[in-house]
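Trainee: Structure file work33.tsv, TSV, C-alpha atoms and all ligand atoms, is pasted below:
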chain	number	residue	atom	x	y	z
A	248	MET	CA	0.00	0.00	0.00
A	249	SER	CA	1.53	3.30	-1.07
A	250	ILE	CA	1.23	6.40	1.12
A	251	PHE	CA	3.03	9.24	-0.68
A	252	SER	CA	1.38	8.43	-4.01
A	253	HIS	CA	-2.03	7.66	-2.46
A	254	PRO	CA	-4.82	9.54	-4.34
A	255	ALA	CA	-6.03	11.07	-1.06
A	256	TYR	CA	-2.54	11.92	0.27
A	257	ASP	CA	-2.75	15.62	-0.69
A	258	ASN	CA	0.47	16.72	1.03
A	259	HIS	CA	-0.38	15.42	4.49
A	260	GLU	CA	2.24	16.53	7.01
A	261	GLU	CA	2.18	13.28	8.94
A	262	VAL	CA	0.47	9.91	8.90
A	263	ALA	CA	1.09	7.71	11.93
A	264	PHE	CA	0.21	4.03	12.43
A	265	TYR	CA	-0.06	2.37	15.84
A	266	HIS	CA	-0.54	-1.16	17.07
A	267	ASP	CA	-0.92	-2.12	20.71
A	268	ALA	CA	-0.78	-5.91	20.93
A	269	LYS	CA	-2.13	-6.07	24.49
A	270	SER	CA	-5.39	-4.22	23.85
A	271	GLY	CA	-5.63	-5.06	20.15
A	272	LEU	CA	-5.66	-1.39	19.14
A	273	LYS	CA	-4.93	-0.75	15.48
A	274	ALA	CA	-5.23	2.92	14.66
A	275	ILE	CA	-4.10	5.61	12.22
A	276	ILE	CA	-3.70	9.34	12.89
A	277	ALA	CA	-3.51	11.66	9.88
A	278	VAL	CA	-2.34	15.26	10.26
A	279	HIS	CA	-3.13	17.11	7.06
A	280	ASN	CA	-2.05	20.67	7.80
A	281	THR	CA	-1.07	22.63	10.90
A	282	ASN	CA	-0.47	26.08	9.36
A	283	LEU	CA	-3.24	27.65	11.47
A	284	GLY	CA	-2.76	25.60	14.65
A	285	PRO	CA	-2.80	22.06	16.03
A	286	ALA	CA	-4.81	19.58	14.01
A	287	LEU	CA	-8.17	18.89	15.64
A	288	GLY	CA	-10.57	16.24	14.40
A	289	GLY	CA	-12.63	13.32	15.62
A	290	CYS	CA	-11.66	9.73	16.27
A	291	ARG	CA	-13.78	7.36	14.19
A	292	MET	CA	-14.12	3.69	15.12
A	293	TRP	CA	-15.36	1.57	12.25
A	294	PRO	CA	-15.11	-2.09	11.14
A	295	TYR	CA	-13.13	-1.26	7.99
A	296	ALA	CA	-12.85	-4.15	5.55
A	297	ASP	CA	-9.07	-3.66	5.36
A	298	ASP	CA	-6.22	-1.25	6.16
A	299	SER	CA	-6.43	0.54	2.84
A	300	GLU	CA	-10.10	1.41	3.41
A	301	ALA	CA	-9.17	2.84	6.82
A	302	LEU	CA	-6.27	4.81	5.34
A	303	ASN	CA	-8.43	6.23	2.57
A	304	ASP	CA	-11.07	7.32	5.07
A	305	VAL	CA	-8.66	8.95	7.52
A	306	LEU	CA	-6.84	10.86	4.75
A	307	ARG	CA	-10.07	12.21	3.23
A	308	LEU	CA	-11.54	13.14	6.61
A	309	SER	CA	-8.33	14.75	7.83
A	310	ARG	CA	-8.03	16.97	4.75
A	311	GLY	CA	-11.68	17.94	5.18
A	312	MET	CA	-10.96	19.15	8.72
A	313	THR	CA	-8.29	21.57	7.46
A	314	TYR	CA	-10.86	23.16	5.16
A	315	LYS	CA	-13.63	23.11	7.78
A	316	SER	CA	-11.60	24.78	10.54
A	317	ALA	CA	-10.08	27.36	8.19
A	318	MET	CA	-13.54	28.26	6.91
A	319	ALA	CA	-14.90	28.50	10.45
A	320	GLY	CA	-12.18	31.03	11.35
A	321	LEU	CA	-10.56	28.76	13.95
A	322	LYS	CA	-6.87	28.68	14.84
A	323	LEU	CA	-6.79	24.98	14.10
A	324	GLY	CA	-5.31	22.66	11.54
A	325	GLY	CA	-6.86	19.53	10.13
A	326	GLY	CA	-6.44	15.98	11.35
A	327	LYS	CA	-8.42	12.88	12.07
A	328	SER	CA	-7.92	9.43	13.54
A	329	VAL	CA	-9.48	6.04	12.91
A	330	ILE	CA	-9.57	2.94	15.05
A	331	ILE	CA	-10.02	-0.22	13.02
A	332	GLY	CA	-12.73	-2.32	14.70
A	333	ASP	CA	-16.41	-2.71	15.45
A	334	PRO	CA	-17.36	-0.14	18.12
A	335	ARG	CA	-20.19	-2.36	19.39
A	336	LYS	CA	-18.00	-5.44	19.86
A	337	GLU	CA	-14.34	-4.48	20.08
A	338	LYS	CA	-14.27	-1.26	22.08
A	339	THR	CA	-12.70	-1.75	25.53
A	340	PRO	CA	-11.33	0.69	28.12
A	341	GLU	CA	-7.83	-0.80	27.54
A	342	LEU	CA	-8.09	-0.13	23.81
A	343	LEU	CA	-9.21	3.47	24.43
A	344	ARG	CA	-6.39	4.06	26.91
A	345	ALA	CA	-3.93	2.73	24.34
A	346	MET	CA	-5.40	5.30	21.94
A	347	GLY	CA	-4.43	7.92	24.56
A	348	ASP	CA	-0.84	6.61	24.45
A	349	PHE	CA	-0.90	6.90	20.67
A	350	LEU	CA	-2.07	10.54	20.90
A	351	ASN	CA	0.81	11.32	23.25
A	352	THR	CA	3.34	10.20	20.64
A	353	LEU	CA	2.33	13.20	18.51
A	354	GLY	CA	2.92	15.59	21.41
A	355	GLY	CA	-0.15	17.77	20.77
A	356	ARG	CA	0.15	18.21	17.01
A	357	TYR	CA	-3.17	16.33	16.87
A	358	ILE	CA	-6.10	16.68	19.30
A	359	THR	CA	-8.96	14.21	19.16
A	360	ALA	CA	-12.73	14.34	19.86
A	361	GLU	CA	-15.89	12.28	19.28
A	362	ASP	CA	-16.88	10.93	15.88
A	363	SER	CA	-18.89	8.01	14.46
A	364	GLY	CA	-18.40	5.06	16.78
A	365	THR	CA	-16.97	7.06	19.69
A	366	SER	CA	-18.78	8.96	22.44
A	367	VAL	CA	-18.17	11.51	25.19
A	368	ALA	CA	-17.73	8.58	27.61
A	369	ASP	CA	-15.01	7.12	25.36
A	370	MET	CA	-13.20	10.46	25.20
A	371	LYS	CA	-13.17	10.57	28.99
A	372	ILE	CA	-11.38	7.20	29.07
A	373	ILE	CA	-8.84	8.32	26.44
A	374	ALA	CA	-8.32	11.46	28.53
A	375	GLU	CA	-7.17	9.30	31.47
A	376	ARG	CA	-3.95	8.83	29.47
A	377	SER	CA	-3.70	11.90	27.27
A	378	LYS	CA	-4.42	15.59	27.56
A	379	PHE	CA	-4.84	15.89	23.80
A	380	VAL	CA	-8.57	15.20	23.94
A	381	SER	CA	-11.46	17.61	23.51
A	382	GLY	CA	-15.23	17.21	23.60
A	383	VAL	CA	-15.24	16.18	27.25
A	384	ILE	CA	-16.13	19.41	29.00
A	385	SER	CA	-18.15	18.92	32.17
A	386	GLY	CA	-20.69	21.23	33.79
A	387	GLN	CA	-22.25	22.14	30.43
A	388	GLU	CA	-25.75	21.16	29.32
A	389	HIS	CA	-24.43	19.16	26.35
A	390	GLY	CA	-21.72	17.42	28.41
A	391	GLY	CA	-19.21	17.80	25.56
A	392	ASP	CA	-21.39	16.37	22.74
A	393	PRO	CA	-20.94	18.68	19.72
A	394	SER	CA	-24.21	17.58	18.01
A	395	PRO	CA	-26.44	20.41	19.38
A	396	SER	CA	-23.93	22.98	18.11
A	397	THR	CA	-23.69	21.25	14.74
A	398	ALA	CA	-27.49	21.32	14.45
A	399	TYR	CA	-27.62	25.00	15.37
A	400	GLY	CA	-24.93	25.85	12.80
A	401	VAL	CA	-26.81	23.95	10.10
A	402	PHE	CA	-29.98	25.85	11.05
A	403	VAL	CA	-28.14	29.19	10.73
A	404	GLY	CA	-26.60	28.19	7.39
A	405	LEU	CA	-29.92	26.84	6.12
A	406	LYS	CA	-31.56	30.21	6.83
A	407	ALA	CA	-28.80	31.92	4.81
A	408	ALA	CA	-29.55	29.52	1.94
A	409	VAL	CA	-33.28	30.28	2.13
A	410	ALA	CA	-32.58	34.02	2.18
A	411	HIS	CA	-30.33	33.74	-0.87
A	412	ARG	CA	-32.52	31.35	-2.85
A	413	TRP	CA	-35.95	32.81	-2.10
A	414	GLY	CA	-35.17	36.25	-0.64
A	415	ARG	CA	-37.05	35.56	2.58
A	416	THR	CA	-35.97	35.64	6.21
A	417	ASP	CA	-38.71	33.48	7.74
A	418	LEU	CA	-39.20	29.72	7.41
A	419	ASN	CA	-42.97	29.66	7.82
A	420	GLY	CA	-44.50	26.87	5.75
A	421	LEU	CA	-41.15	25.99	4.13
A	422	LYS	CA	-41.19	22.29	3.25
A	423	VAL	CA	-37.97	20.57	4.35
A	424	SER	CA	-36.98	16.92	3.93
A	425	ILE	CA	-34.46	15.49	6.39
A	426	GLN	CA	-32.53	12.31	5.64
A	427	GLY	CA	-31.49	10.87	9.02
A	428	VAL	CA	-33.06	12.08	12.25
A	429	GLY	CA	-30.25	11.05	14.59
A	430	ASN	CA	-28.25	13.32	16.88
A	431	VAL	CA	-28.02	16.24	14.46
A	432	GLY	CA	-31.02	15.67	12.18
A	433	PHE	CA	-33.54	15.46	15.00
A	434	ARG	CA	-32.24	18.62	16.67
A	435	LEU	CA	-32.24	20.44	13.34
A	436	GLY	CA	-35.83	19.26	12.86
A	437	LYS	CA	-36.79	20.75	16.23
A	438	LEU	CA	-35.28	24.13	15.35
A	439	LEU	CA	-37.03	24.07	11.96
A	440	LYS	CA	-40.38	23.07	13.44
A	441	ASP	CA	-40.16	25.88	16.01
A	442	ALA	CA	-39.48	28.27	13.11
A	443	GLY	CA	-42.67	27.13	11.33
A	444	ALA	CA	-41.27	24.69	8.73
A	445	GLU	CA	-43.12	21.57	7.58
A	446	LEU	CA	-41.00	18.42	7.90
A	447	PHE	CA	-40.65	15.17	5.93
A	448	VAL	CA	-38.26	12.64	7.44
A	449	THR	CA	-36.68	9.27	6.87
A	450	ASP	CA	-34.36	7.09	8.93
A	451	ILE	CA	-33.34	3.44	8.88
A	452	PHE	CA	-34.23	3.19	12.59
A	453	GLN	CA	-37.99	3.16	13.15
A	454	ASP	CA	-37.72	4.58	16.69
A	455	ASN	CA	-35.93	7.65	15.30
A	456	VAL	CA	-38.70	8.10	12.73
A	457	ASP	CA	-41.39	7.68	15.41
A	458	ARG	CA	-39.73	10.30	17.62
A	459	ALA	CA	-39.71	12.82	14.75
A	460	VAL	CA	-43.34	12.07	13.86
A	461	ASN	CA	-44.55	12.26	17.47
A	462	GLU	CA	-42.45	15.17	18.73
A	463	LEU	CA	-42.04	17.27	15.58
A	464	GLY	CA	-45.27	16.46	13.71
A	465	ALA	CA	-43.11	15.28	10.79
A	466	THR	CA	-44.40	13.16	7.91
A	467	ALA	CA	-42.49	9.87	7.59
A	468	VAL	CA	-41.38	8.68	4.15
A	469	SER	CA	-39.33	5.70	3.02
A	470	ALA	CA	-35.51	5.85	2.67
A	471	ASP	CA	-35.83	5.91	-1.12
A	472	GLU	CA	-38.84	8.25	-1.38
A	473	ILE	CA	-36.93	11.09	0.32
A	474	PHE	CA	-35.29	12.01	-3.03
A	475	ASP	CA	-38.58	12.33	-4.95
A	476	LEU	CA	-40.50	14.66	-2.66
A	477	ASP	CA	-42.01	17.90	-3.85
A	478	VAL	CA	-40.36	20.00	-1.13
A	479	ASP	CA	-38.38	23.25	-1.02
A	480	LEU	CA	-35.18	22.16	0.69
A	481	PHE	CA	-33.32	18.90	1.33
A	482	ALA	CA	-31.25	18.47	4.51
A	483	PRO	CA	-28.96	15.41	4.32
A	484	CYS	CA	-28.11	14.39	7.90
A	485	ALA	CA	-27.20	10.72	7.51
A	486	LEU	CA	-24.59	9.64	4.99
A	487	GLY	CA	-21.91	10.89	2.64
A	488	ALA	CA	-21.98	10.66	-1.18
A	489	ILE	CA	-25.77	10.97	-1.35
A	490	LEU	CA	-25.65	13.71	-4.00
A	491	ASN	CA	-24.87	11.56	-7.01
A	492	ASP	CA	-25.95	10.81	-10.58
A	493	ASP	CA	-28.99	8.90	-9.40
A	494	THR	CA	-30.31	11.19	-6.67
A	495	ILE	CA	-29.66	14.64	-8.19
A	496	GLY	CA	-31.78	13.76	-11.19
A	497	ARG	CA	-34.68	12.98	-8.88
A	498	LEU	CA	-34.48	15.98	-6.54
A	499	LYS	CA	-37.13	18.69	-7.03
A	500	VAL	CA	-35.77	21.02	-4.34
A	501	GLY	CA	-34.44	24.56	-4.73
A	502	ALA	CA	-31.69	24.22	-2.11
A	503	ILE	CA	-29.66	21.63	-0.19
A	504	ALA	CA	-28.43	22.41	3.31
A	505	GLY	CA	-27.60	19.62	5.74
A	506	ALA	CA	-25.07	18.20	8.20
A	507	SER	CA	-23.61	15.17	6.44
A	508	ASN	CA	-19.92	15.18	5.61
A	509	ASN	CA	-18.80	14.63	1.99
A	510	GLN	CA	-22.30	14.95	0.53
A	511	LEU	CA	-21.11	15.20	-3.09
A	512	ALA	CA	-20.26	11.77	-4.51
A	513	GLU	CA	-17.72	13.48	-6.80
A	514	GLU	CA	-16.57	17.09	-7.15
A	515	ARG	CA	-18.31	17.39	-10.52
A	516	HIS	CA	-21.70	16.93	-8.83
A	517	ALA	CA	-21.46	20.51	-7.57
A	518	GLN	CA	-21.71	21.62	-11.21
A	519	VAL	CA	-24.59	19.20	-11.88
A	520	LEU	CA	-26.50	20.79	-8.97
A	521	LYS	CA	-25.73	24.30	-10.21
A	522	ASP	CA	-26.88	23.44	-13.75
A	523	LYS	CA	-30.14	22.18	-12.26
A	524	GLY	CA	-30.64	25.45	-10.39
A	525	ILE	CA	-30.22	23.87	-6.95
A	526	LEU	CA	-28.38	26.05	-4.42
A	527	TYR	CA	-25.88	23.88	-2.53
A	528	ALA	CA	-24.63	24.89	0.93
A	529	PRO	CA	-21.12	23.31	1.05
A	530	ASP	CA	-21.15	20.63	3.74
A	531	TYR	CA	-18.00	21.53	5.65
A	532	VAL	CA	-19.04	25.17	5.87
A	533	ILE	CA	-22.56	24.52	7.18
A	534	ASN	CA	-21.67	21.66	9.56
A	535	ALA	CA	-18.81	23.46	11.38
A	536	GLY	CA	-20.85	24.18	14.54
A	537	GLY	CA	-19.49	21.03	16.20
A	538	ILE	CA	-15.81	21.81	15.57
A	539	ILE	CA	-16.39	25.38	16.76
A	540	ASP	CA	-17.84	24.02	20.01
A	541	VAL	CA	-15.02	21.50	20.44
A	542	TYR	CA	-12.44	24.25	19.84
A	543	TYR	CA	-13.90	26.33	22.67
A	544	GLN	CA	-14.06	23.25	24.87
A	545	GLN	CA	-10.34	22.75	24.28
A	546	LEU	CA	-9.63	26.41	25.07
A	547	GLY	CA	-11.83	26.04	28.14
A	548	LEU	CA	-9.74	23.12	29.39
A	549	GLU	CA	-6.62	25.28	29.02
A	550	LYS	CA	-8.05	28.53	30.42
A	551	GLY	CA	-10.63	27.12	32.83
A	552	GLU	CA	-13.70	28.70	31.22
A	553	TYR	CA	-16.17	27.84	28.47
A	554	ASP	CA	-18.42	30.70	27.45
A	555	ALA	CA	-21.59	29.29	25.85
A	556	GLU	CA	-22.61	32.72	24.53
A	557	GLN	CA	-19.24	33.17	22.82
A	558	VAL	CA	-19.62	29.74	21.22
A	559	LYS	CA	-23.14	30.61	19.99
A	560	ALA	CA	-21.94	33.91	18.53
A	561	HIS	CA	-19.11	32.16	16.71
A	562	ILE	CA	-21.48	29.51	15.31
A	563	GLU	CA	-23.70	32.30	13.99
A	564	THR	CA	-20.83	33.49	11.77
A	565	ILE	CA	-21.62	30.41	9.65
A	566	GLY	CA	-24.52	32.48	8.29
A	567	THR	CA	-22.29	35.32	7.07
A	568	THR	CA	-19.67	32.94	5.69
A	569	MET	CA	-22.41	31.15	3.78
A	570	GLN	CA	-23.68	34.46	2.37
A	571	GLU	CA	-20.14	35.29	1.21
A	572	VAL	CA	-19.85	31.91	-0.53
A	573	PHE	CA	-23.21	32.33	-2.29
A	574	GLN	CA	-22.40	35.88	-3.39
A	575	ARG	CA	-18.94	35.04	-4.71
A	576	ALA	CA	-20.38	32.06	-6.57
A	577	ASP	CA	-23.00	34.29	-8.21
A	578	GLU	CA	-20.38	36.86	-9.17
A	579	SER	CA	-17.81	34.41	-10.55
A	580	GLY	CA	-20.18	31.83	-12.02
A	581	GLU	CA	-18.34	29.08	-10.12
A	582	THR	CA	-20.01	26.43	-7.99
A	583	THR	CA	-20.51	27.15	-4.29
A	584	ALA	CA	-18.30	24.14	-3.47
A	585	HIS	CA	-15.43	25.52	-5.54
A	586	VAL	CA	-15.76	29.01	-4.05
A	587	ALA	CA	-15.73	27.55	-0.52
A	588	ASP	CA	-12.56	25.56	-1.29
A	589	ARG	CA	-10.82	28.66	-2.62
A	590	ILE	CA	-11.72	30.77	0.43
A	591	ALA	CA	-10.56	28.00	2.78
A	592	GLU	CA	-7.30	27.57	0.86
A	593	GLU	CA	-6.65	31.32	0.99
A	594	ARG	CA	-7.06	31.08	4.76
A	595	PHE	CA	-4.84	28.07	5.49
A	596	GLY	CA	-2.27	28.81	2.80
A	597	HIS	CA	-2.71	25.92	0.40
A	598	LYS	CA	0.14	25.76	-2.11
A	599	ASP	CA	-2.16	26.78	-5.00
A	600	ALA	CA	-3.62	29.67	-3.04
A	601	LEU	CA	-0.11	30.77	-2.04
A	602	SER	CA	1.15	30.69	-5.62
A	603	ASN	CA	-1.92	32.73	-6.68
A	604	THR	CA	-1.06	35.27	-3.99
A	605	ASP	CA	2.58	35.29	-5.11
A	606	SER	CA	1.71	35.91	-8.71
A	607	ALA	CA	-0.79	38.60	-7.71
A	608	ALA	CA	1.96	40.32	-5.71
A	609	ALA	CA	4.51	39.97	-8.49
B	701	LIG	P1	-26.25	9.85	13.90
B	701	LIG	O1	-25.67	8.50	13.68
B	701	LIG	O2	-26.72	10.23	15.26
B	701	LIG	O3	-27.50	10.06	12.91
B	701	LIG	C1	-27.51	9.63	11.59
B	701	LIG	C2	-28.88	9.03	11.35
B	701	LIG	O4	-28.98	8.68	9.98
B	701	LIG	C3	-29.14	7.76	12.15
B	701	LIG	O5	-30.35	7.89	12.86
B	701	LIG	C4	-29.20	6.66	11.08
B	701	LIG	O6	-30.12	5.64	11.41
B	701	LIG	C5	-29.65	7.45	9.88
B	701	LIG	N1	-29.34	6.82	8.60
B	701	LIG	C6	-28.24	6.14	8.25
B	701	LIG	N2	-28.33	5.71	6.98
B	701	LIG	C7	-29.51	6.15	6.51
B	701	LIG	C8	-30.19	6.05	5.27
B	701	LIG	N3	-29.67	5.37	4.23
B	701	LIG	N4	-31.40	6.63	5.13
B	701	LIG	C9	-31.94	7.30	6.17
B	701	LIG	N5	-31.37	7.42	7.37
B	701	LIG	C10	-30.16	6.86	7.54
B	701	LIG	O7	-25.18	10.87	13.34
B	701	LIG	P2	-25.13	12.44	13.59
B	701	LIG	O8	-24.17	12.73	14.67
B	701	LIG	O9	-26.52	12.98	13.67
B	701	LIG	O10	-24.47	12.94	12.24
B	701	LIG	C11	-25.21	13.01	11.02
B	701	LIG	C12	-24.29	13.40	9.88
B	701	LIG	O11	-23.71	14.67	10.16
B	701	LIG	C13	-23.12	12.45	9.67
B	701	LIG	O12	-22.83	12.39	8.28
B	701	LIG	C14	-21.97	13.13	10.39
B	701	LIG	O13	-20.71	12.78	9.84
B	701	LIG	C15	-22.29	14.59	10.13
B	701	LIG	N6	-21.73	15.48	11.16
B	701	LIG	C16	-22.06	15.33	12.47
B	701	LIG	C17	-21.52	16.19	13.42
B	701	LIG	C18	-21.88	16.07	14.88
B	701	LIG	O14	-21.57	16.98	15.65
B	701	LIG	N7	-22.54	15.02	15.30
B	701	LIG	C19	-20.65	17.22	13.02
B	701	LIG	C20	-20.35	17.37	11.65
B	701	LIG	C21	-20.90	16.48	10.73
Output the structure of this file as structure tokens.

Mentor:
Amino acid sequence: MSIFSHPAYDNHEEVAFYHDAKSGLKAIIAVHNTNLGPALGGCRMWPYADDSEALNDVLRLSRGMTYKSAMAGLKLGGGKSVIIGDPRKEKTPELLRAMGDFLNTLGGRYITAEDSGTSVADMKIIAERSKFVSGVISGQEHGGDPSPSTAYGVFVGLKAAVAHRWGRTDLNGLKVSIQGVGNVGFRLGKLLKDAGAELFVTDIFQDNVDRAVNELGATAVSADEIFDLDVDLFAPCALGAILNDDTIGRLKVGAIAGASNNQLAEERHAQVLKDKGILYAPDYVINAGGIIDVYYQQLGLEKGEYDAEQVKAHIETIGTTMQEVFQRADESGETTAHVADRIAEERFGHKDALSNTDSAAA
């Protein structure tokens, strides 16, 4: 398996592999870029089919964190870690503590937090061994879980999309479909319902669907039907790669604004959406509420205070960033995804952005 010539390598600063025979831990940490600060990103535990699948995932996710944090105006770089294993069967306190030892080997260049397959409770166990852990703040209503902040950021960004697409500031009667009413999707649904939107939801877990129907008055639809609905806006809050050749052709919405990471199956799908007249809120811009929260939790651990109002105010900047992306895309004729990438690269000093700056100065 090649690392330096890997398609997702993209100039990563460091990729570290770790095996702890005693606990069975097999993990990878990828540090994409630390120009703006230490790399912060979640620790995913997943039963990857093989090492190369795990490597591909960690490299793609780590790069995404550089862009997300730069776009959110945080003094953070991008990194991510993966533990190879089934979180329901193979996660033990010994394995998590060994993950803490692994973190220590990077001396703070990478800080971890929750992700798919890991929880606040897991982070607390990792933190027994390592101080390079965030998302574990105590004494706060959310107990360290970034999901409420992610949902709030998506809500703010969604309103910016509605304002840009339809020139309105209220959400009364707006029809919104949500794919996945888990931690983020359900909370987003609550915010939307309270703002007067009409909801259509799907989830592979029936109890999640029932909760949305009973508590949010949502209409339940099947997992496949969600793409064919005659609604205004689609909020993907379940999986990646769901904006693809099959689904985009079926969508009747005017805008897409949701929490899922890596929503576009391929980069070219941003252009397919644009050609269809669908306004796309780039995923890593709109779903940055969680990393913003985790950043302040980390600062809080260092300085002894976490100011919930400051966190909320920072999350609300997602709205203005989104407006800037939409405006620049209108002016330049580029896709919103491309504009977002360029702004992020200007901020973290990507080699292409730097050479553009150099030639502009020359
Ligand atoms: P979650 O696991 O709590 O919720 C996801 C929900 O989607 C689950 O209820 C699951 O049953 C459902 N689902 C899975 N496949 C589905 C399908 N094919 N059709 C319909 N429903 C399906 O996860 P979450 O924390 O709510 O995160 C949702 C998305 O947002 C993920 O893509 C995640 O990577 C992204 N995200 C989350 C955060 C955060 O703070 N939690 C931050 C940034 C991005």

Trainee: Can I get the residues close to ligand LIG 701 (chain B) as a PyMOL selection string, where close means within 6 Å and we count only C-alpha atoms and all ligand atoms?

Mentor: chain A and resi 393-394+397+426-432+449-452+470+484-487+506-508+534+537

Trainee: What's the separation between atom CA of Lys315 of chain A and atom CA of Tyr531 of chain A, in Å to one decimal place?

Mentor: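 Answer for the atom CA of Lys315 of chain A to atom CA of Tyr531 of chain A separation: 5.1 Å.
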
Trainee: Can you tell me, as a list in words, what residues are no more than 9 Å from Arg415 of chain A when counting all atoms listed in the file, ignoring any on the same chain fewer than 5 positions away?

Mentor: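 My list of contacting residues is Lys406, Val409 and Ala410 of chain A.
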
Trainee: Please save C-alpha atoms of the selected residues as an mmCIF file, in the frame of the given file.

Mentor:
data_model
loop_
_atom_site.group_PDB
_atom_site.id
_atom_site.type_symbol
_atom_site.label_atom_id
_atom_site.label_comp_id
_atom_site.auth_asym_id
_atom_site.auth_seq_id
_atom_site.Cartn_x
_atom_site.Cartn_y
_atom_site.Cartn_z
ATOM 1 C CA LYS A 406 -31.560 30.210 6.830
ATOM 2 C CA VAL A 409 -33.280 30.280 2.130
ATOM 3 C CA ALA A 410 -32.580 34.020 2.180
#

Trainee: Using atom CA of Ile565 of chain A and atom CA of Leu418 of chain A as the two end points, give the distance in Å to one decimal.

Mentor: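 About the pair atom CA of Ile565 of chain A and atom CA of Leu418 of chain A: they are 17.7 Å apart.
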
Trainee: Select, from A:Ala576, A:Leu287, A:Leu526, A:Ala517, the residue with the minimum atom-to-atom distance to Ala317 of chain A, counting all atoms listed in the file.

Mentor: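 Distance minimum relative to Ala317 of chain A lands on A:Leu287.
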
Trainee: Please provide as a list in words all residues within 9 Å of His259 of chain A, with the sequence filter that same-chain residues fewer than 5 positions apart are discarded (counting only C-alpha atoms).

Mentor: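 The residues that qualify are Phe251, Ala277, Val278, His279, Asn280, Leu306, Ser309 and Arg310 of chain A.
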